[in-house]
$ cat final15.txt   # compact mmCIF, C-alpha atoms
# COMPACT_ATOMS: atom_id res chain seq x y z
CA MET C 76 36.21 -49.83 207.74
CA HIS C 77 36.42 -52.94 209.92
CA LYS C 78 37.78 -52.28 213.38
CA SER C 79 38.76 -54.85 215.98
CA ILE C 80 40.97 -55.19 219.02
CA ARG C 81 43.56 -57.97 218.96
CA TYR C 82 45.34 -59.30 222.01
CA ALA C 83 48.56 -61.31 221.94
CA ILE C 84 50.34 -62.98 224.84
CA ALA C 85 53.77 -64.54 224.36
CA ILE C 86 56.26 -66.21 226.68
CA ILE C 87 59.73 -67.11 225.39
CA LEU C 88 62.00 -69.25 227.56
CA LEU C 89 65.74 -68.76 227.13
CA LEU C 90 68.19 -71.44 228.29
CA ASN C 91 71.54 -70.16 229.61
CA THR C 92 71.18 -66.73 228.03
CA SER C 93 72.21 -64.21 230.65
CA ASN C 94 73.47 -61.77 228.03
CA ALA C 95 70.99 -62.46 225.25
CA MET C 96 68.36 -59.78 225.73
CA ALA C 97 69.82 -56.78 223.94
CA PHE C 98 67.35 -57.06 221.08
CA SER C 99 63.69 -57.84 221.54
CA LYS C 100 62.85 -61.52 221.01
CA LYS C 101 59.84 -60.76 218.85
CA ILE C 102 59.85 -61.08 215.08
CA LYS C 103 57.83 -58.36 213.35
CA SER C 104 55.78 -58.87 210.19
CA SER C 105 55.09 -56.26 207.52
CA GLY C 106 51.29 -56.44 207.59
CA VAL C 107 49.16 -53.38 208.41
CA GLU C 108 45.34 -53.37 208.46
CA ALA C 109 43.47 -50.06 208.69
CA GLY C 110 41.59 -49.57 211.94
CA GLU C 111 43.11 -52.48 213.83
CA ILE C 112 44.12 -52.05 217.48
CA GLU C 113 46.52 -54.56 219.00
CA VAL C 114 47.51 -55.10 222.63
CA ASP C 115 50.61 -57.27 222.78
CA ASN C 116 52.07 -58.71 226.00
CA TYR C 117 55.22 -60.78 225.75
CA GLY C 118 57.85 -61.88 228.20
CA LEU C 119 61.32 -63.38 228.20
CA ILE C 120 62.51 -65.71 230.95
CA GLY C 121 66.20 -66.60 230.99
CA PHE C 122 67.88 -69.35 233.01
CA ASP C 123 71.55 -69.69 233.93
CA ASN C 124 72.43 -72.38 236.49
CA ASP C 125 70.35 -71.56 239.59
CA ALA C 126 69.59 -67.96 238.65
CA SER C 127 66.97 -66.44 236.40
CA GLU C 128 66.10 -63.15 234.78
CA TRP C 129 63.04 -61.90 232.98
CA LYS C 130 61.60 -59.07 230.95
CA HIS C 131 57.98 -58.19 230.26
CA LYS C 132 56.85 -55.77 227.57
CA THR C 133 53.37 -54.45 226.83
CA GLU C 134 52.66 -52.78 223.48
CA LEU C 135 49.60 -50.84 222.33
CA GLU C 136 49.51 -50.42 218.55
CA TYR C 137 47.02 -48.67 216.26
CA GLU C 138 47.01 -49.23 212.51
CA ILE C 139 45.92 -45.86 211.14
CA ASN C 140 45.50 -46.92 207.52
CA ASP C 141 46.68 -49.65 205.16
CA TRP C 142 50.34 -48.65 205.40
CA LEU C 143 50.96 -46.82 208.73
CA LEU C 144 51.08 -48.13 212.31
CA VAL C 145 51.88 -46.20 215.49
CA GLY C 146 52.39 -47.56 218.97
CA ILE C 147 53.66 -47.11 222.51
CA ALA C 148 55.23 -49.71 224.80
CA GLY C 149 56.60 -50.08 228.33
CA GLU C 150 59.04 -52.66 229.68
CA LEU C 151 59.79 -54.18 233.08
CA GLU C 152 63.02 -56.07 233.79
CA LYS C 153 64.51 -58.20 236.56
CA PRO C 154 68.21 -58.90 235.89
CA TYR C 155 70.18 -61.77 237.41
CA GLY C 156 70.65 -61.06 241.11
CA GLY C 157 68.77 -57.77 240.81
CA HIS C 158 65.36 -56.31 241.53
CA VAL C 159 62.37 -55.63 239.33
CA GLY C 160 62.49 -52.20 237.73
CA TYR C 161 60.91 -50.19 234.95
CA GLU C 162 63.31 -50.29 232.01
CA ASP C 163 62.05 -47.92 229.31
CA THR C 164 59.16 -46.37 227.39
CA GLU C 165 59.12 -46.84 223.63
CA ILE C 166 57.25 -45.07 220.86
CA GLU C 167 57.19 -46.73 217.45
CA THR C 168 55.91 -46.38 213.93
CA LYS C 169 55.81 -48.90 211.08
CA ILE C 170 55.49 -47.97 207.42
CA GLN C 171 54.45 -50.75 205.07
CA LEU C 172 56.22 -50.56 201.71
CA SER C 173 54.52 -53.52 200.05
CA ALA C 174 51.95 -56.12 201.09
CA ALA C 175 52.69 -59.84 201.13
CA HIS C 176 50.54 -62.02 198.86
CA SER C 177 50.86 -65.54 197.53
CA ASP C 178 52.93 -64.25 194.62
CA SER C 179 54.67 -61.22 196.16
CA ILE C 180 56.90 -60.23 199.06
CA GLY C 181 55.83 -57.89 201.83
CA SER C 182 58.15 -55.25 203.24
CA ALA C 183 58.10 -52.54 205.88
CA ILE C 184 60.34 -50.22 207.86
CA GLU C 185 59.88 -49.78 211.60
CA LEU C 186 61.33 -46.87 213.60
CA SER C 187 61.22 -46.67 217.38
CA TYR C 188 62.67 -44.52 220.12
CA GLU C 189 63.31 -45.83 223.64
CA PHE C 190 63.32 -43.42 226.58
CA ALA C 191 65.48 -44.93 229.34
CA ALA C 192 63.88 -44.88 232.79
CA ASP C 193 67.27 -44.88 234.54
CA PRO C 194 68.71 -41.33 234.64
CA ALA C 195 72.18 -42.87 234.31
CA GLY C 196 71.18 -44.79 231.18
CA TYR C 197 70.90 -43.65 227.60
CA ASP C 198 68.06 -43.54 225.11
CA ALA C 199 68.11 -45.60 221.92
CA LEU C 200 66.88 -45.20 218.37
CA GLU C 201 66.00 -48.50 216.72
CA THR C 202 65.27 -49.26 213.08
CA ALA C 203 64.13 -52.50 211.50
CA LEU C 204 63.82 -53.62 207.89
CA ILE C 205 61.06 -56.22 207.67
CA ILE C 206 60.65 -58.72 204.82
CA ASP C 207 58.06 -61.50 204.68
CA GLY C 208 56.35 -63.77 202.18
CA ASN C 209 54.84 -67.19 201.60
CA LEU C 210 56.45 -70.34 200.25
CA HIS C 211 53.64 -72.83 199.66
CA THR C 212 52.20 -73.35 203.17
CA ILE C 213 55.17 -71.78 204.99
CA ARG C 214 55.17 -68.13 206.07
CA LEU C 215 58.70 -66.68 206.11
CA VAL C 216 59.70 -63.52 208.00
CA GLY C 217 63.07 -61.75 208.28
CA ASN C 218 64.10 -58.70 210.32
CA LEU C 219 67.32 -56.68 210.04
CA LEU C 220 67.73 -54.60 213.22
CA PHE C 221 69.89 -51.61 214.13
CA GLU C 222 70.16 -49.78 217.46
CA PHE C 223 71.83 -46.38 217.93
CA PRO C 224 72.59 -44.95 221.42
CA VAL C 225 71.27 -41.43 222.02
CA GLY C 226 71.69 -38.91 224.84
CA GLU C 227 74.24 -37.53 227.26
CA ASN C 228 75.11 -40.91 228.80
CA GLN C 229 75.96 -42.74 225.58
CA GLN C 230 79.73 -42.45 226.04
CA GLY C 231 81.33 -45.80 225.38
CA ALA C 232 78.23 -47.18 223.66
CA ASP C 233 78.21 -47.91 219.95
CA ALA C 234 75.62 -48.76 217.33
CA GLY C 235 74.61 -52.42 217.34
CA PHE C 236 72.78 -54.63 214.90
CA GLY C 237 71.15 -58.00 214.68
CA LEU C 238 69.08 -60.42 212.61
CA ALA C 239 65.93 -62.42 213.23
CA PHE C 240 64.25 -65.04 211.04
CA GLY C 241 61.09 -67.04 211.45
CA ALA C 242 59.35 -69.83 209.50
CA TYR C 243 55.74 -70.70 210.39
CA HIS C 244 53.09 -73.18 209.31
CA ALA C 245 49.42 -72.64 210.16
CA TYR C 246 47.37 -75.82 210.42
CA GLU C 247 44.33 -75.25 208.23
CA GLY C 248 41.02 -75.54 210.03
CA THR C 249 42.67 -75.31 213.46
CA PRO C 250 43.76 -72.39 215.70
CA TRP C 251 47.37 -73.67 215.84
CA GLU C 252 50.53 -72.38 214.17
CA ALA C 253 53.98 -73.90 214.66
CA GLY C 254 57.28 -72.31 213.76
CA LEU C 255 61.02 -72.01 214.20
CA GLU C 256 62.75 -68.75 215.13
CA TYR C 257 66.38 -67.63 215.01
CA TYR C 258 67.90 -64.53 216.62
CA ALA C 259 71.41 -63.12 216.25
CA ASP C 260 72.76 -60.20 218.25
CA LEU C 261 75.84 -59.33 216.18
CA ASN C 262 77.39 -56.89 218.66
CA GLU C 263 78.59 -53.49 217.53
CA VAL C 264 78.54 -52.46 213.88
CA ARG C 265 82.24 -51.51 214.04
CA ASN C 266 83.26 -54.56 216.05
CA THR C 267 81.15 -57.64 215.47
CA GLY C 268 83.73 -60.12 216.78
CA GLY C 269 83.56 -63.76 215.77
CA TYR C 270 80.58 -66.09 215.78
CA GLU C 271 81.28 -67.39 219.29
CA GLU C 272 81.46 -63.81 220.63
CA GLN C 273 78.00 -63.07 219.27
CA GLU C 274 74.68 -64.20 220.71
CA HIS C 275 72.87 -66.71 218.53
CA LEU C 276 69.63 -68.36 219.62
CA ALA C 277 67.17 -70.66 217.89
CA GLY C 278 64.19 -72.75 218.81
CA PRO C 279 60.54 -73.72 218.29
CA VAL C 280 57.48 -71.57 218.90
CA LEU C 281 53.83 -72.57 219.07
CA SER C 282 50.92 -70.15 218.64
CA TYR C 283 47.24 -70.63 219.50
CA LYS C 284 44.35 -68.30 218.66
CA ILE C 285 41.42 -68.66 221.05
CA PRO C 286 38.36 -69.47 218.90
CA HIS C 287 35.81 -66.69 218.33
CA THR C 288 38.14 -64.07 219.80
CA HIS C 289 41.00 -61.85 218.68
CA ILE C 290 43.25 -63.26 221.45
CA LYS C 291 46.42 -65.08 220.42
CA THR C 292 48.92 -66.80 222.74
CA ARG C 293 52.45 -67.91 221.93
CA LEU C 294 55.00 -70.09 223.73
CA GLY C 295 58.59 -70.60 222.65
CA TYR C 296 61.85 -72.13 223.84
CA LEU C 297 65.14 -70.76 222.49
CA PHE C 298 68.47 -72.58 222.81
CA PRO C 299 71.93 -70.95 222.68
CA ILE C 300 73.92 -71.95 219.60
CA SER C 301 77.02 -69.84 220.32
CA ASP C 302 79.33 -69.63 223.34
CA SER C 303 78.44 -66.02 224.14
CA ALA C 304 74.77 -66.86 224.40
CA ALA C 305 75.52 -69.62 226.86
CA ASP C 306 78.05 -67.95 229.16
CA HIS C 307 77.12 -65.92 232.22

$ encode --input "final15.txt" --output "structure tokens"
Amino acid sequence: MHKSIRYAIAIILLLNTSNAMAFSKKIKSSGVEAGEIEVDNYGLIGFDNDASEWKHKTELEYEINDWLLVGIAGELEKPYGGHVGYEDTEIETKIQLSAAHSDSIGSAIELSYEFAADPAGYDALETALIIDGNLHTIRLVGNLLFEFPVGENQQGADAGFGLAFGAYHAYEGTPWEAGLEYYADLNEVRNTGGYEEQEHLAGPVLSYKIPHTHIKTRLGYLFPISDSAADH
């Protein structure tokens, strides 16, 4: 069994998106490789006029076999006008249902539980349906996301859901991959509101794998394409 450690570093810049961080800005793929260990660091930096906010998440994932992944993650956050604080601890598992090949679609289900660090906050159970596949030289990935509040402090909170799509092209013979990503936070399941009340973001991403290593870096810039994503 081949074992290796993979590192990933990602920074996503968000323009005028003070409310656009409810769902993680990371698109998940269905792939699982037995014995792989992955350390993933990714951050979000949001700008609104003269203020900024950011989040940083570190994930440690272990792919037990060809269909099961387990992981643990921790997240730091600095809100607009606030101070840096530890946000939550997350445990996750991903179950691959089918593997993506040139002539077939890959699929997986991911389940995760977030333990809120703030005693006044509430925990959350998240689920994601992951679909991906290849169209000629383009890799396509889609995520359907649900979040359910859990715990004593969940009063007033409701289940939310969102979508994320990505299209990527790897340049053969080079360590570069370019893509476009789209994220939609569709508010509460029972009250989605209209398009302009939801948070829709889209933009380019560029990935680079350092030669002769398992280290991959990613930089992206997401633009608001709905009023809610742009308003403070």

$ residues_around --input "final15.txt" --residues "segment 190-204 of chain C" --least-positions-apart "4" --cutoff "12 Å" --atoms "all atoms listed in the file" --output "short mmCIF file (atom, residue, chain, number, x, y, z; two decimals) with C-alpha atoms, keeping the file's coordinate frame"
data_model
loop_
_atom_site.label_atom_id
_atom_site.label_comp_id
_atom_site.auth_asym_id
_atom_site.auth_seq_id
_atom_site.Cartn_x
_atom_site.Cartn_y
_atom_site.Cartn_z
CA ALA C 97 69.82 -56.78 223.94
CA PHE C 98 67.35 -57.06 221.08
CA SER C 99 63.69 -57.84 221.54
CA LYS C 101 59.84 -60.76 218.85
CA ILE C 102 59.85 -61.08 215.08
CA LYS C 103 57.83 -58.36 213.35
CA SER C 104 55.78 -58.87 210.19
CA SER C 105 55.09 -56.26 207.52
CA ILE C 147 53.66 -47.11 222.51
CA ALA C 148 55.23 -49.71 224.80
CA GLY C 149 56.60 -50.08 228.33
CA GLU C 150 59.04 -52.66 229.68
CA LEU C 151 59.79 -54.18 233.08
CA GLU C 152 63.02 -56.07 233.79
CA GLY C 160 62.49 -52.20 237.73
CA TYR C 161 60.91 -50.19 234.95
CA GLU C 162 63.31 -50.29 232.01
CA ASP C 163 62.05 -47.92 229.31
CA THR C 164 59.16 -46.37 227.39
CA GLU C 165 59.12 -46.84 223.63
CA ILE C 166 57.25 -45.07 220.86
CA GLU C 167 57.19 -46.73 217.45
CA THR C 168 55.91 -46.38 213.93
CA LYS C 169 55.81 -48.90 211.08
CA ILE C 170 55.49 -47.97 207.42
CA GLN C 171 54.45 -50.75 205.07
CA LEU C 172 56.22 -50.56 201.71
CA GLY C 181 55.83 -57.89 201.83
CA SER C 182 58.15 -55.25 203.24
CA ALA C 183 58.10 -52.54 205.88
CA ILE C 184 60.34 -50.22 207.86
CA GLU C 185 59.88 -49.78 211.60
CA LEU C 186 61.33 -46.87 213.60
CA VAL C 216 59.70 -63.52 208.00
CA GLY C 217 63.07 -61.75 208.28
CA ASN C 218 64.10 -58.70 210.32
CA LEU C 219 67.32 -56.68 210.04
CA LEU C 220 67.73 -54.60 213.22
CA PHE C 221 69.89 -51.61 214.13
CA GLU C 222 70.16 -49.78 217.46
CA PHE C 223 71.83 -46.38 217.93
CA PRO C 224 72.59 -44.95 221.42
CA VAL C 225 71.27 -41.43 222.02
CA GLY C 226 71.69 -38.91 224.84
CA GLU C 227 74.24 -37.53 227.26
CA ASN C 228 75.11 -40.91 228.80
CA GLN C 229 75.96 -42.74 225.58
CA GLN C 230 79.73 -42.45 226.04
CA GLY C 231 81.33 -45.80 225.38
CA ALA C 232 78.23 -47.18 223.66
CA ASP C 233 78.21 -47.91 219.95
CA ALA C 234 75.62 -48.76 217.33
CA GLY C 235 74.61 -52.42 217.34
CA PHE C 236 72.78 -54.63 214.90
CA GLY C 237 71.15 -58.00 214.68
CA LEU C 238 69.08 -60.42 212.61
CA ALA C 239 65.93 -62.42 213.23
CA PHE C 240 64.25 -65.04 211.04
#

$ closest_residue --input "final15.txt" --among "C:Gly156, C:Pro286, C:Pro299, C:Gly121" --to "Tyr258 of chain C" --atoms "all atoms listed in the file"
C:Pro299

$ atom_distance --input "final15.txt" --atom1 "atom CA of Leu135 of chain C" --atom2 "atom CA of Glu113 of chain C"
5.9 Å

$ atom_distance --input "final15.txt" --atom1 "atom CA of Trp129 of chain C" --atom2 "atom CA of Tyr82 of chain C"
21.0 Å

$ atom_distance --input "final15.txt" --atom1 "atom CA of Lys153 of chain C" --atom2 "atom CA of Glu189 of chain C"
17.9 Å

$ residues_near_point --input "final15.txt" --point "(45.7, -73.4, 219.1)" --cutoff "6 Å" --atoms "all atoms listed in the file" --output "NGL selection string"
:C and (250-251 or 283-284)

$ axis_aligned_box --input "final15.txt" --around "segment 171-184 of chain C" --padding-each-side "6 Å" --output "lines of an AutoDock Vina configuration file"
center_x = 55.4
center_y = -57.9
center_z = 201.2
size_x = 21.8
size_y = 27.3
size_z = 25.2

$ residues_around --input "final15.txt" --residues "Ala245 of chain C" --least-positions-apart "3" --cutoff "9 Å" --atoms "all atoms listed in the file" --output "list of chain:residue names"
C:Thr212, C:Ile213, C:Arg214, C:Gly248, C:Thr249, C:Pro250, C:Trp251, C:Glu252, C:Ala253, C:Gly254, C:Ser282

$ closest_residue --input "final15.txt" --among "C:Leu210, C:Leu88, C:Leu294, C:Ala83" --to "His244 of chain C" --atoms "all atoms listed in the file"
C:Leu210

$ closest_residue --input "final15.txt" --among "C:Asn116, C:Gln273, C:Thr267, C:Ser173" --to "Ile300 of chain C" --atoms "only C-alpha atoms"
C:Gln273

$ closest_residue --input "final15.txt" --among "C:Asp178, C:Asp115, C:Glu108, C:Glu247" --to "Thr133 of chain C" --atoms "all atoms listed in the file"
C:Asp115

$ closest_residue --input "final15.txt" --among "C:Tyr296, C:Ala175, C:His289, C:Ile206" --to "Leu119 of chain C" --atoms "only C-alpha atoms"
C:Tyr296

$ residues_around --input "final15.txt" --residues "Ser79 of chain C" --least-positions-apart "3" --cutoff "12 Å" --atoms "all atoms listed in the file" --output "NGL selection string"
:C and (76 or 82 or 108-114 or 136-138 or 288-290)

$ closest_residue --input "final15.txt" --among "C:Ile180, C:Ile84, C:Ala277, C:Ile139" --to "Arg293 of chain C" --atoms "all atoms listed in the file"
C:Ile84

$ decode --input "final15.txt" --residues "segment 169-258 of chain C" --atoms "C-alpha atoms" --output "PDB file, in the first residue's frame"
ATOM      1  CA  LYS C 169     -16.208  10.875   3.895  1.00  0.00           C
ATOM      2  CA  ILE C 170     -17.610   7.732   2.299  1.00  0.00           C
ATOM      3  CA  GLN C 171     -16.905   7.264  -1.394  1.00  0.00           C
ATOM      4  CA  LEU C 172     -19.841   5.728  -3.253  1.00  0.00           C
ATOM      5  CA  SER C 173     -18.239   5.524  -6.690  1.00  0.00           C
ATOM      6  CA  ALA C 174     -14.891   6.512  -8.193  1.00  0.00           C
ATOM      7  CA  ALA C 175     -14.570   9.030 -11.017  1.00  0.00           C
ATOM      8  CA  HIS C 176     -13.015   7.760 -14.252  1.00  0.00           C
ATOM      9  CA  SER C 177     -12.916   9.041 -17.805  1.00  0.00           C
ATOM     10  CA  ASP C 178     -16.227   7.310 -18.520  1.00  0.00           C
ATOM     11  CA  SER C 179     -17.932   7.411 -15.102  1.00  0.00           C
ATOM     12  CA  ILE C 180     -19.009   9.830 -12.389  1.00  0.00           C
ATOM     13  CA  GLY C 181     -17.568   9.846  -8.896  1.00  0.00           C
ATOM     14  CA  SER C 182     -19.735  10.363  -5.831  1.00  0.00           C
ATOM     15  CA  ALA C 183     -19.341  10.545  -2.074  1.00  0.00           C
ATOM     16  CA  ILE C 184     -21.139  11.586   1.097  1.00  0.00           C
ATOM     17  CA  GLU C 185     -19.366  13.626   3.759  1.00  0.00           C
ATOM     18  CA  LEU C 186     -20.601  13.971   7.351  1.00  0.00           C
ATOM     19  CA  SER C 187     -19.067  16.345   9.872  1.00  0.00           C
ATOM     20  CA  TYR C 188     -19.820  17.626  13.349  1.00  0.00           C
ATOM     21  CA  GLU C 189     -18.657  21.043  14.573  1.00  0.00           C
ATOM     22  CA  PHE C 190     -18.127  21.627  18.290  1.00  0.00           C
ATOM     23  CA  ALA C 191     -18.549  25.360  18.971  1.00  0.00           C
ATOM     24  CA  ALA C 192     -15.790  26.895  21.086  1.00  0.00           C
ATOM     25  CA  ASP C 193     -18.090  29.662  22.368  1.00  0.00           C
ATOM     26  CA  PRO C 194     -20.232  28.357  25.261  1.00  0.00           C
ATOM     27  CA  ALA C 195     -23.029  30.644  24.050  1.00  0.00           C
ATOM     28  CA  GLY C 196     -22.891  29.179  20.547  1.00  0.00           C
ATOM     29  CA  TYR C 197     -24.352  25.990  19.163  1.00  0.00           C
ATOM     30  CA  ASP C 198     -22.858  22.932  17.537  1.00  0.00           C
ATOM     31  CA  ALA C 199     -23.630  21.998  13.940  1.00  0.00           C
ATOM     32  CA  LEU C 200     -24.052  18.811  11.951  1.00  0.00           C
ATOM     33  CA  GLU C 201     -23.074  19.191   8.301  1.00  0.00           C
ATOM     34  CA  THR C 202     -23.675  16.842   5.388  1.00  0.00           C
ATOM     35  CA  ALA C 203     -22.461  17.113   1.815  1.00  0.00           C
ATOM     36  CA  LEU C 204     -23.319  15.188  -1.330  1.00  0.00           C
ATOM     37  CA  ILE C 205     -20.306  15.244  -3.644  1.00  0.00           C
ATOM     38  CA  ILE C 206     -20.429  14.583  -7.393  1.00  0.00           C
ATOM     39  CA  ASP C 207     -17.485  14.878  -9.787  1.00  0.00           C
ATOM     40  CA  GLY C 208     -16.382  13.712 -13.210  1.00  0.00           C
ATOM     41  CA  ASN C 209     -14.402  14.580 -16.313  1.00  0.00           C
ATOM     42  CA  LEU C 210     -15.543  16.241 -19.520  1.00  0.00           C
ATOM     43  CA  HIS C 211     -12.656  15.954 -21.981  1.00  0.00           C
ATOM     44  CA  THR C 212      -9.874  17.942 -20.253  1.00  0.00           C
ATOM     45  CA  ILE C 213     -12.174  19.648 -17.731  1.00  0.00           C
ATOM     46  CA  ARG C 214     -12.689  18.274 -14.216  1.00  0.00           C
ATOM     47  CA  LEU C 215     -16.159  19.120 -12.875  1.00  0.00           C
ATOM     48  CA  VAL C 216     -17.107  19.036  -9.183  1.00  0.00           C
ATOM     49  CA  GLY C 217     -20.417  19.775  -7.448  1.00  0.00           C
ATOM     50  CA  ASN C 218     -21.309  19.878  -3.737  1.00  0.00           C
ATOM     51  CA  LEU C 219     -24.774  20.030  -2.168  1.00  0.00           C
ATOM     52  CA  LEU C 220     -24.418  21.163   1.466  1.00  0.00           C
ATOM     53  CA  PHE C 221     -26.730  21.054   4.476  1.00  0.00           C
ATOM     54  CA  GLU C 222     -26.126  22.370   8.006  1.00  0.00           C
ATOM     55  CA  PHE C 223     -28.280  21.506  11.026  1.00  0.00           C
ATOM     56  CA  PRO C 224     -27.941  23.382  14.366  1.00  0.00           C
ATOM     57  CA  VAL C 225     -27.444  21.141  17.404  1.00  0.00           C
ATOM     58  CA  GLY C 226     -27.353  21.781  21.152  1.00  0.00           C
ATOM     59  CA  GLU C 227     -29.000  23.801  23.892  1.00  0.00           C
ATOM     60  CA  ASN C 228     -28.293  27.185  22.282  1.00  0.00           C
ATOM     61  CA  GLN C 229     -29.841  26.477  18.887  1.00  0.00           C
ATOM     62  CA  GLN C 230     -33.066  28.381  19.606  1.00  0.00           C
ATOM     63  CA  GLY C 231     -33.878  30.618  16.673  1.00  0.00           C
ATOM     64  CA  ALA C 232     -31.466  28.807  14.349  1.00  0.00           C
ATOM     65  CA  ASP C 233     -32.729  26.723  11.459  1.00  0.00           C
ATOM     66  CA  ALA C 234     -31.255  24.247   9.016  1.00  0.00           C
ATOM     67  CA  GLY C 235     -29.422  25.890   6.121  1.00  0.00           C
ATOM     68  CA  PHE C 236     -28.197  24.666   2.770  1.00  0.00           C
ATOM     69  CA  GLY C 237     -25.985  25.692  -0.078  1.00  0.00           C
ATOM     70  CA  LEU C 238     -24.355  24.728  -3.365  1.00  0.00           C
ATOM     71  CA  ALA C 239     -20.819  24.820  -4.704  1.00  0.00           C
ATOM     72  CA  PHE C 240     -19.533  24.075  -8.199  1.00  0.00           C
ATOM     73  CA  GLY C 241     -16.061  24.022  -9.677  1.00  0.00           C
ATOM     74  CA  ALA C 242     -14.582  23.509 -13.156  1.00  0.00           C
ATOM     75  CA  TYR C 243     -10.825  22.915 -13.475  1.00  0.00           C
ATOM     76  CA  HIS C 244      -8.277  22.378 -16.221  1.00  0.00           C
ATOM     77  CA  ALA C 245      -4.845  20.924 -15.470  1.00  0.00           C
ATOM     78  CA  TYR C 246      -2.115  21.973 -17.890  1.00  0.00           C
ATOM     79  CA  GLU C 247      -0.446  18.752 -18.989  1.00  0.00           C
ATOM     80  CA  GLY C 248       3.263  18.582 -18.267  1.00  0.00           C
ATOM     81  CA  THR C 249       3.102  21.520 -15.838  1.00  0.00           C
ATOM     82  CA  PRO C 250       2.277  21.853 -12.112  1.00  0.00           C
ATOM     83  CA  TRP C 251      -0.530  24.367 -12.819  1.00  0.00           C
ATOM     84  CA  GLU C 252      -4.298  23.986 -12.690  1.00  0.00           C
ATOM     85  CA  ALA C 253      -6.766  26.800 -13.372  1.00  0.00           C
ATOM     86  CA  GLY C 254     -10.439  26.828 -12.524  1.00  0.00           C
ATOM     87  CA  LEU C 255     -13.641  28.693 -11.809  1.00  0.00           C
ATOM     88  CA  GLU C 256     -15.642  28.256  -8.599  1.00  0.00           C
ATOM     89  CA  TYR C 257     -19.178  29.225  -7.610  1.00  0.00           C
ATOM     90  CA  TYR C 258     -20.679  29.236  -4.108  1.00  0.00           C
TER      91      TYR C 258
END
